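Text of final.csv, listed as CSV, C-alpha atoms:
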```csv
chain,number,residue,atom,x,y,z
A,1,MET,CA,120.1,163.1,120.8
A,2,LYS,CA,122.4,165.8,119.7
A,3,ILE,CA,121.6,169.5,119.2
A,4,GLU,CA,124.0,171.8,117.4
A,5,ILE,CA,123.5,175.5,117.9
A,6,TRP,CA,125.2,178.2,115.7
A,7,SER,CA,125.3,181.5,117.6
A,8,ASP,CA,127.2,184.7,118.0
A,9,VAL,CA,127.9,186.4,121.3
A,10,MET,CA,126.6,189.8,120.2
A,11,CYS,CA,123.3,188.4,118.8
A,12,PRO,CA,120.4,189.2,121.2
A,13,PHE,CA,118.1,186.7,119.4
A,14,CYS,CA,120.7,184.0,120.2
A,15,TYR,CA,120.4,184.8,123.9
A,16,ILE,CA,116.6,184.8,123.6
A,17,GLY,CA,116.7,181.6,121.6
A,18,LYS,CA,119.0,179.9,124.2
A,19,ASN,CA,116.6,180.7,127.0
A,20,ASN,CA,113.5,179.6,125.1
A,21,PHE,CA,115.3,176.4,124.0
A,22,GLU,CA,116.4,175.6,127.6
A,23,GLN,CA,112.9,176.3,128.9
A,24,ALA,CA,111.5,173.8,126.5
A,25,LEU,CA,114.2,171.2,127.1
A,26,ASN,CA,113.7,171.4,130.9
A,27,LYS,CA,110.1,170.3,130.5
A,28,LEU,CA,110.9,167.1,128.7
A,29,PRO,CA,111.5,163.8,130.5
A,30,PHE,CA,114.5,162.9,128.2
A,31,LYS,CA,116.4,166.1,128.8
A,32,ASP,CA,119.4,164.3,130.2
A,33,GLU,CA,119.7,162.3,127.0
A,34,VAL,CA,120.3,165.5,125.0
A,35,GLU,CA,123.8,166.7,124.1
A,36,VAL,CA,124.1,170.4,123.2
A,37,GLU,CA,127.0,171.6,121.1
A,38,TRP,CA,127.6,175.3,120.6
A,39,LYS,CA,129.0,176.3,117.2
A,40,SER,CA,130.7,179.6,116.3
A,41,PHE,CA,129.2,182.2,113.9
A,42,GLN,CA,130.3,185.8,113.4
A,43,LEU,CA,127.7,188.3,112.3
A,44,ASP,CA,130.3,190.9,111.5
A,45,PRO,CA,133.9,189.6,111.2
A,46,THR,CA,135.0,192.9,109.8
A,47,LEU,CA,134.8,194.7,113.2
A,48,ASP,CA,138.1,195.8,114.7
A,49,PRO,CA,138.9,193.7,117.7
A,50,ASN,CA,140.7,196.7,119.3
A,51,LYS,CA,137.8,199.0,119.1
A,52,THR,CA,134.2,199.1,120.5
A,53,GLN,CA,131.1,201.0,119.6
A,54,ASP,CA,127.8,201.5,121.4
A,55,THR,CA,124.8,199.7,119.9
A,56,ILE,CA,123.1,202.9,118.5
A,57,GLN,CA,126.4,204.0,117.0
A,58,TYR,CA,126.9,200.7,115.4
A,59,PHE,CA,123.4,200.7,113.8
A,60,ARG,CA,123.9,204.2,112.6
A,61,GLU,CA,127.4,203.9,111.1
A,62,LYS,CA,127.6,200.3,110.1
A,63,LYS,CA,124.0,199.5,109.1
A,64,GLY,CA,122.8,203.0,108.1
A,65,VAL,CA,119.9,202.9,110.5
A,66,ALA,CA,118.7,206.3,111.8
A,67,GLU,CA,119.0,206.7,115.6
A,68,PRO,CA,115.2,206.9,116.3
A,69,GLN,CA,114.6,203.7,114.2
A,70,ALA,CA,117.5,201.9,116.0
A,71,ALA,CA,116.2,202.9,119.4
A,72,GLN,CA,112.7,201.6,118.4
A,73,MET,CA,114.2,198.3,117.2
A,74,LEU,CA,116.2,197.9,120.5
A,75,GLY,CA,113.0,198.6,122.4
A,76,GLN,CA,111.2,195.8,120.6
A,77,VAL,CA,114.1,193.4,121.3
A,78,THR,CA,114.1,194.4,125.0
A,79,GLN,CA,110.4,193.5,125.2
A,80,MET,CA,111.1,190.1,123.6
A,81,GLY,CA,114.0,189.6,126.1
A,82,LYS,CA,111.7,190.2,129.0
A,83,GLY,CA,109.4,187.4,127.7
A,84,ALA,CA,112.4,185.1,127.8
A,85,GLY,CA,113.6,186.2,131.3
A,86,ILE,CA,116.4,188.5,130.0
A,87,ASP,CA,116.8,192.2,131.0
A,88,PHE,CA,118.8,193.5,128.1
A,89,ASN,CA,120.9,196.6,128.9
A,90,PHE,CA,121.6,198.0,125.4
A,91,GLU,CA,122.7,201.3,126.8
A,92,LYS,CA,125.9,199.6,128.1
A,93,THR,CA,126.4,197.0,125.4
A,94,LEU,CA,129.7,197.3,123.6
A,95,ILE,CA,129.9,196.1,120.0
A,96,THR,CA,133.3,194.6,118.9
A,97,ASN,CA,134.8,191.6,117.1
A,98,THR,CA,133.8,188.4,118.8
A,99,PHE,CA,136.4,186.0,117.3
A,100,SER,CA,138.4,185.8,120.6
A,101,ALA,CA,135.2,185.1,122.5
A,102,HIS,CA,134.5,182.2,120.2
A,103,LYS,CA,138.0,180.9,120.9
A,104,LEU,CA,137.2,181.0,124.6
A,105,LEU,CA,134.0,179.0,123.9
A,106,HIS,CA,136.0,176.3,122.2
A,107,LEU,CA,138.3,176.1,125.2
A,108,ALA,CA,135.3,175.8,127.4
A,109,LYS,CA,134.0,173.0,125.2
A,110,LYS,CA,137.2,171.0,126.0
A,111,HIS,CA,136.3,171.3,129.7
A,112,ASN,CA,132.6,170.4,129.1
A,113,LYS,CA,131.6,173.9,130.1
A,114,SER,CA,130.6,175.4,126.8
A,115,ASN,CA,126.9,176.0,127.8
A,116,GLU,CA,128.1,177.8,131.0
A,117,MET,CA,130.5,179.9,129.0
A,118,GLU,CA,127.9,180.8,126.4
A,119,GLU,CA,125.7,182.1,129.2
A,120,ALA,CA,128.6,183.9,130.9
A,121,LEU,CA,129.5,185.7,127.6
A,122,PHE,CA,125.9,186.7,127.0
A,123,ILE,CA,125.6,188.2,130.5
A,124,ALA,CA,128.9,189.9,130.2
A,125,HIS,CA,127.9,191.5,126.8
A,126,PHE,CA,124.2,192.2,127.2
A,127,ILE,CA,123.8,192.7,130.9
A,128,ASP,CA,127.1,193.9,132.4
A,129,GLY,CA,128.3,195.9,129.4
A,130,LYS,CA,131.7,194.3,129.3
A,131,ASN,CA,134.0,194.3,126.3
A,132,VAL,CA,133.9,190.6,125.2
A,133,GLY,CA,136.8,191.3,122.8
A,134,ASP,CA,139.1,192.2,125.7
A,135,THR,CA,141.6,189.6,126.8
A,136,ASP,CA,141.4,190.4,130.5
A,137,VAL,CA,137.6,190.2,130.4
A,138,LEU,CA,137.7,186.8,128.7
A,139,ILE,CA,140.4,185.4,131.0
A,140,ALA,CA,138.3,186.5,134.0
A,141,LEU,CA,135.3,184.7,132.6
A,142,ALA,CA,137.3,181.6,132.1
A,143,GLU,CA,138.6,181.7,135.7
A,144,SER,CA,135.1,182.2,137.0
A,145,LEU,CA,134.2,178.8,135.5
A,146,GLY,CA,137.3,177.1,137.0
A,147,ILE,CA,139.4,177.1,133.8
A,148,ASP,CA,143.1,177.6,134.4
A,149,LYS,CA,144.3,181.2,133.8
A,150,GLU,CA,147.3,180.2,131.7
A,151,GLU,CA,145.3,177.9,129.6
A,152,ALA,CA,142.8,180.7,129.0
A,153,ILE,CA,145.6,183.1,128.1
A,154,GLN,CA,146.9,180.7,125.5
A,155,ALA,CA,143.5,180.1,124.0
A,156,VAL,CA,142.6,183.8,123.7
A,157,THR,CA,146.0,185.3,122.7
A,158,THR,CA,147.3,182.7,120.3
A,159,ASP,CA,146.1,181.0,117.1
A,160,GLN,CA,145.8,177.5,118.6
A,161,LEU,CA,141.9,177.5,118.5
A,162,ASN,CA,141.5,179.6,115.3
A,163,TYR,CA,141.0,176.4,113.2
A,164,GLU,CA,138.1,175.2,115.4
A,165,VAL,CA,136.3,178.6,115.2
A,166,ASN,CA,136.8,178.8,111.4
A,167,GLN,CA,135.6,175.2,111.0
A,168,ASP,CA,132.3,176.1,112.6
A,169,ILE,CA,131.9,179.2,110.4
A,170,GLN,CA,132.8,177.2,107.3
A,171,GLU,CA,130.4,174.4,108.2
A,172,ALA,CA,127.6,177.0,108.6
A,173,ARG,CA,128.4,178.3,105.0
A,174,ASN,CA,128.4,174.7,103.7
A,175,ASN,CA,125.0,174.1,105.2
A,176,GLY,CA,123.5,177.4,103.9
A,177,ILE,CA,123.3,178.9,107.4
A,178,SER,CA,123.3,182.7,107.0
A,179,GLY,CA,121.7,183.8,110.2
A,180,VAL,CA,121.7,182.9,113.9
A,181,PRO,CA,120.5,181.4,116.1
A,182,PHE,CA,120.3,178.2,114.1
A,183,PHE,CA,119.5,174.9,115.8
A,184,VAL,CA,120.2,171.5,114.1
A,185,LEU,CA,118.5,168.6,115.7
A,186,ASN,CA,120.2,165.2,115.3
A,187,GLY,CA,121.7,166.4,112.0
A,188,LYS,CA,118.2,166.0,110.4
A,189,TYR,CA,115.9,168.9,111.4
A,190,ALA,CA,116.5,172.6,111.8
A,191,VAL,CA,114.9,175.4,113.8
A,192,SER,CA,116.0,178.9,112.9
A,193,GLY,CA,115.6,182.1,114.9
A,194,ALA,CA,114.5,182.8,118.5
A,195,GLN,CA,111.4,180.7,118.3
A,196,PRO,CA,108.9,180.4,121.3
A,197,ALA,CA,109.6,177.6,123.8
A,198,GLU,CA,106.6,175.7,122.4
A,199,VAL,CA,108.2,175.5,119.0
A,200,PHE,CA,111.4,174.1,120.5
A,201,GLU,CA,109.4,171.7,122.6
A,202,ASN,CA,107.5,170.2,119.7
A,203,ALA,CA,110.6,170.0,117.6
A,204,LEU,CA,112.5,168.2,120.3
A,205,GLN,CA,109.7,165.8,121.0
A,206,GLN,CA,109.4,164.9,117.3
A,207,THR,CA,113.1,164.4,116.9
A,208,TYR,CA,113.4,162.3,120.0
A,209,LYS,CA,110.4,160.1,118.9
A,210,GLU,CA,112.2,159.4,115.7
A,211,THR,CA,115.5,158.8,117.5
A,212,VAL,CA,113.9,156.2,119.7
A,213,SER,CA,111.8,154.7,116.9
A,214,PRO,CA,113.5,155.7,113.6
A,215,PHE,CA,110.9,153.9,111.4
A,216,LYS,CA,107.5,155.5,110.5
A,217,ASP,CA,104.9,152.8,110.7
A,218,LEU,CA,102.8,152.9,107.5
A,219,SER,CA,101.0,149.6,108.1
A,220,GLY,CA,97.8,150.9,109.4
A,221,GLU,CA,96.0,148.1,111.3
A,222,ASN,CA,98.2,145.7,113.2
A,223,GLY,CA,99.1,142.7,111.1
A,224,ALA,CA,99.9,139.2,112.2
A,225,SER,CA,103.5,139.0,113.6
A,226,CYS,CA,105.8,137.3,116.0
A,227,ASP,CA,108.1,138.6,118.7
A,228,ALA,CA,110.2,137.3,121.6
A,229,ASP,CA,107.1,136.4,123.5
A,230,GLY,CA,105.4,134.5,120.7
A,231,CYS,CA,103.1,135.0,117.8
A,232,SER,CA,99.8,136.9,117.5
A,233,ILE,CA,97.2,137.2,114.8
```

Mind turning this structure into structure tokens?
Amino acid sequence: MKIEIWSDVMCPFCYIGKNNFEQALNKLPFKDEVEVEWKSFQLDPTLDPNKTQDTIQYFREKKGVAEPQAAQMLGQVTQMGKGAGIDFNFEKTLITNTFSAHKLLHLAKKHNKSNEMEEALFIAHFIDGKNVGDTDVLIALAESLGIDKEEAIQAVTTDQLNYEVNQDIQEARNNGISGVPFFVLNGKYAVSGAQPAEVFENALQQTYKETVSPFKDLSGENGASCDADGCSI
């Protein structure tokens, strides 16, 4: 069973959604049969990759939200985060363009480490207050996961992975995905937003049930039939 997740590094609900999804998945007996693919999405591609803003400043200048209102919103997200096991540190968070971070994610995907990289980027951005648009920060994250430094430099500083990132973004547009996190289950069902673990658990169970037995039985009572062991009435 395949799960595709569209996400952006600077989206706190994506981090919450990731934790809730993983909590649900880890409860299920078929967890090892689930393939997770992280997909790129940019909430604000207009941001300058050479500049950073603190979160309150970004809300005030970019979104037109007054500082008290922004602080209240962040407080609510912080409480949601605690429920998902995340200690957000919005006082340190640096807002910047995330395109290079997405290129690093695609490099990690080639090494089957995209989930680990997604987590590392969330921690760097939301917990450690690092600039996830900075080349040195991204290369250090790659090295921490055992990815070759020169390969990481090529991925982050050249255009070689631009196509992959843009393909994910275009696919989101084609599918009408306008917000993240957005989870697509086996190309058939969708779960949007940072849903509680119970919602993910139910959705995963339903999808897996249909994967194992793709036909919905409408026959009601059992009818006479034959199988490899013989016939029954």

Residues proximal to (129.0, 193.2, 119.4) were defined as those with any atom within 9 Å of that point in the file's coordinates, counting all atoms listed in the file. Which are they, as a short mmCIF file (atom, residue, chain, number, x, y, z; two decimals) with C-alpha atoms, in the frame of the given file?
```cif
data_model
loop_
_atom_site.label_atom_id
_atom_site.label_comp_id
_atom_site.auth_asym_id
_atom_site.auth_seq_id
_atom_site.Cartn_x
_atom_site.Cartn_y
_atom_site.Cartn_z
CA ASP A 8 127.20 184.70 118.00
CA VAL A 9 127.90 186.40 121.30
CA MET A 10 126.60 189.80 120.20
CA CYS A 11 123.30 188.40 118.80
CA LEU A 43 127.70 188.30 112.30
CA ASP A 44 130.30 190.90 111.50
CA LEU A 47 134.80 194.70 113.20
CA THR A 52 134.20 199.10 120.50
CA GLN A 53 131.10 201.00 119.60
CA ASP A 54 127.80 201.50 121.40
CA THR A 55 124.80 199.70 119.90
CA TYR A 58 126.90 200.70 115.40
CA THR A 93 126.40 197.00 125.40
CA LEU A 94 129.70 197.30 123.60
CA ILE A 95 129.90 196.10 120.00
CA THR A 96 133.30 194.60 118.90
CA ASN A 97 134.80 191.60 117.10
CA THR A 98 133.80 188.40 118.80
CA HIS A 125 127.90 191.50 126.80
CA ASN A 131 134.00 194.30 126.30
CA VAL A 132 133.90 190.60 125.20
CA GLY A 133 136.80 191.30 122.80
#
```

- Name all residues at most 12 Å from A:Gln23 (count all atoms listed in the file; drop same-chain ones fewer than 6 positions away) and give them as a VMD selection string. chain A and resid 16 to 17 31 83 to 85 195 to 201 204

- If we count all atoms listed in the file, what is near A:Trp38 at a cut-off of 9 Å, once residues fewer than 3 positions away on the same chain are taken out, given as a ChimeraX atom specification? /A:3-7,105-106,109,114-115,118

- Item | Shell of 8 Å around stretch 135-144 of chain A, only C-alpha atoms, local chain residues under 2 positions omitted, as a list in words |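 Counting only the stated atoms, we get Ser100, Ala101, Leu104, Ala108, Met117, Ala120, Leu121, Lys130, Asn131, Val132, Gly133, Gly146, Ile147, Asp148, Lys149, Ala152, Ile153, Val156 and Thr157 of chain A.
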
- Task: Name the residues in contact with stretch 70-78 of chain A at a cut-off of 9 Å, using all atoms listed in the file, excluding same-chain residues fewer than 2 positions from it; report them as number ranges by chain.
- Result: A: 12-13, 55-56, 59-60, 65-68, 80-83, 86-90

- Message: Which residues are close to A:Asn186, i.e. within 10 Å by only C-alpha atoms, leaving aside same-chain residues fewer than 6 positions away? Reply as a list in words.
- Response: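 Listed by chain and then number, they are Met1, Lys2, Ile3, Glu4, Val34, Glu35, Leu204, Thr207, Tyr208, Glu210 and Thr211 of chain A.
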
- Between atom CA of A:Phe41 and atom CA of A:Val165 - distance in Å to one decimal: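 Interatomic distance here is 8.1 Å.
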
- Of the residues A:Tyr163, A:Phe182, A:Phe99, A:Phe30, which is the one nearest to A:Tyr15, using only C-alpha atoms?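 Among A:Tyr163, A:Phe182, A:Phe99, A:Phe30, it is A:Phe182 that comes nearest to A:Tyr15.
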
- Quick one: distance from atom CA of A:Gly129 to atom CA of A:Glu22 in Å, one decimal? 23.6 Å

- Item | Between atom CA of A:Asn20 and atom CA of A:Gln206, distance in Å (one decimal) |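 For atom CA of A:Asn20 relative to atom CA of A:Gln206, the distance reads 17.1 Å.
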
- Nearest to A:Val212 by atom-to-atom distance, counting all atoms listed in the file, from A:Ala194, A:Gln79, A:Cys14, A:Glu33: A:Glu33

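Closest to A:Phe183 among A:His111, A:Lys27, A:Lys103, A:Lys39 is A:Lys39, based on only C-alpha atoms.
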
- For A:Gln205, the nearest of the candidates A:Asp128, A:Lys92, A:Tyr189, A:Asn50, counting all atoms listed in the file: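 Answer, going by the shortest atom-to-atom distance: A:Tyr189.
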
Where atoms are lacking, stretch 130-141 of chain A completed to all heavy atoms, as an mmCIF file, in the frame of the given file:
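Result file rebuild14.cif:
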```cif
data_model
loop_
_atom_site.group_PDB
_atom_site.id
_atom_site.type_symbol
_atom_site.label_atom_id
_atom_site.label_comp_id
_atom_site.auth_asym_id
_atom_site.auth_seq_id
_atom_site.Cartn_x
_atom_site.Cartn_y
_atom_site.Cartn_z
ATOM 1 N N LYS A 130 130.274 194.564 129.404
ATOM 2 C CA LYS A 130 131.700 194.300 129.300
ATOM 3 C C LYS A 130 132.149 194.137 127.864
ATOM 4 O O LYS A 130 131.346 193.748 127.014
ATOM 5 C CB LYS A 130 132.096 193.098 130.147
ATOM 6 C CG LYS A 130 131.903 193.305 131.643
ATOM 7 C CD LYS A 130 132.317 192.076 132.435
ATOM 8 C CE LYS A 130 132.141 192.315 133.931
ATOM 9 N NZ LYS A 130 132.494 191.114 134.729
ATOM 10 N N ASN A 131 133.411 194.401 127.616
ATOM 11 C CA ASN A 131 134.000 194.300 126.300
ATOM 12 C C ASN A 131 134.417 192.801 126.080
ATOM 13 O O ASN A 131 135.463 192.391 126.563
ATOM 14 C CB ASN A 131 135.172 195.207 126.120
ATOM 15 C CG ASN A 131 135.866 195.055 124.773
ATOM 16 O OD1 ASN A 131 135.418 194.319 123.896
ATOM 17 N ND2 ASN A 131 136.975 195.766 124.601
ATOM 18 N N VAL A 132 133.613 192.017 125.353
ATOM 19 C CA VAL A 132 133.900 190.600 125.200
ATOM 20 C C VAL A 132 134.992 190.341 124.144
ATOM 21 O O VAL A 132 135.270 189.191 123.801
ATOM 22 C CB VAL A 132 132.636 189.792 124.843
ATOM 23 C CG1 VAL A 132 131.653 189.804 126.003
ATOM 24 C CG2 VAL A 132 131.978 190.311 123.569
ATOM 25 N N GLY A 133 135.607 191.407 123.655
ATOM 26 C CA GLY A 133 136.800 191.300 122.800
ATOM 27 C C GLY A 133 138.063 191.509 123.593
ATOM 28 O O GLY A 133 139.167 191.318 123.073
ATOM 29 N N ASP A 134 137.912 191.904 124.850
ATOM 30 C CA ASP A 134 139.100 192.200 125.700
ATOM 31 C C ASP A 134 139.636 190.993 126.340
ATOM 32 O O ASP A 134 138.908 190.199 126.957
ATOM 33 C CB ASP A 134 138.621 193.246 126.765
ATOM 34 C CG ASP A 134 139.782 193.673 127.648
ATOM 35 O OD1 ASP A 134 140.573 194.515 127.207
ATOM 36 O OD2 ASP A 134 139.880 193.139 128.767
ATOM 37 N N THR A 135 140.953 190.838 126.232
ATOM 38 C CA THR A 135 141.600 189.600 126.800
ATOM 39 C C THR A 135 141.394 189.473 128.255
ATOM 40 O O THR A 135 141.081 188.374 128.723
ATOM 41 C CB THR A 135 143.126 189.709 126.462
ATOM 42 O OG1 THR A 135 143.327 189.742 125.039
ATOM 43 C CG2 THR A 135 143.857 188.510 127.030
ATOM 44 N N ASP A 136 141.536 190.533 129.022
ATOM 45 C CA ASP A 136 141.400 190.400 130.500
ATOM 46 C C ASP A 136 139.965 190.020 130.866
ATOM 47 O O ASP A 136 139.783 189.239 131.807
ATOM 48 C CB ASP A 136 141.741 191.768 131.138
ATOM 49 C CG ASP A 136 143.228 192.088 131.040
ATOM 50 O OD1 ASP A 136 144.024 191.140 130.867
ATOM 51 O OD2 ASP A 136 143.590 193.277 131.129
ATOM 52 N N VAL A 137 138.978 190.552 130.152
ATOM 53 C CA VAL A 137 137.600 190.200 130.400
ATOM 54 C C VAL A 137 137.370 188.697 130.162
ATOM 55 O O VAL A 137 136.758 187.985 130.965
ATOM 56 C CB VAL A 137 136.614 191.024 129.558
ATOM 57 C CG1 VAL A 137 135.192 190.463 129.631
ATOM 58 C CG2 VAL A 137 136.630 192.477 130.002
ATOM 59 N N LEU A 138 137.892 188.216 129.044
ATOM 60 C CA LEU A 138 137.700 186.800 128.700
ATOM 61 C C LEU A 138 138.410 185.873 129.642
ATOM 62 O O LEU A 138 137.868 184.829 130.023
ATOM 63 C CB LEU A 138 138.190 186.585 127.237
ATOM 64 C CG LEU A 138 137.414 187.344 126.150
ATOM 65 C CD1 LEU A 138 138.049 187.114 124.786
ATOM 66 C CD2 LEU A 138 135.941 186.925 126.130
ATOM 67 N N ILE A 139 139.606 186.247 130.050
ATOM 68 C CA ILE A 139 140.400 185.400 131.000
ATOM 69 C C ILE A 139 139.625 185.346 132.340
ATOM 70 O O ILE A 139 139.540 184.283 132.970
ATOM 71 C CB ILE A 139 141.787 185.939 131.166
ATOM 72 C CG1 ILE A 139 142.574 185.724 129.867
ATOM 73 C CG2 ILE A 139 142.499 185.246 132.324
ATOM 74 C CD1 ILE A 139 143.893 186.454 129.813
ATOM 75 N N ALA A 140 139.078 186.471 132.762
ATOM 76 C CA ALA A 140 138.300 186.500 134.000
ATOM 77 C C ALA A 140 137.090 185.599 133.937
ATOM 78 O O ALA A 140 136.751 184.909 134.908
ATOM 79 C CB ALA A 140 137.917 187.929 134.355
ATOM 80 N N LEU A 141 136.433 185.582 132.793
ATOM 81 C CA LEU A 141 135.300 184.700 132.600
ATOM 82 C C LEU A 141 135.691 183.243 132.689
ATOM 83 O O LEU A 141 134.994 182.413 133.291
ATOM 84 C CB LEU A 141 134.586 184.994 131.274
ATOM 85 C CG LEU A 141 133.835 186.318 131.152
ATOM 86 C CD1 LEU A 141 133.262 186.470 129.755
ATOM 87 C CD2 LEU A 141 132.732 186.423 132.192
#
```
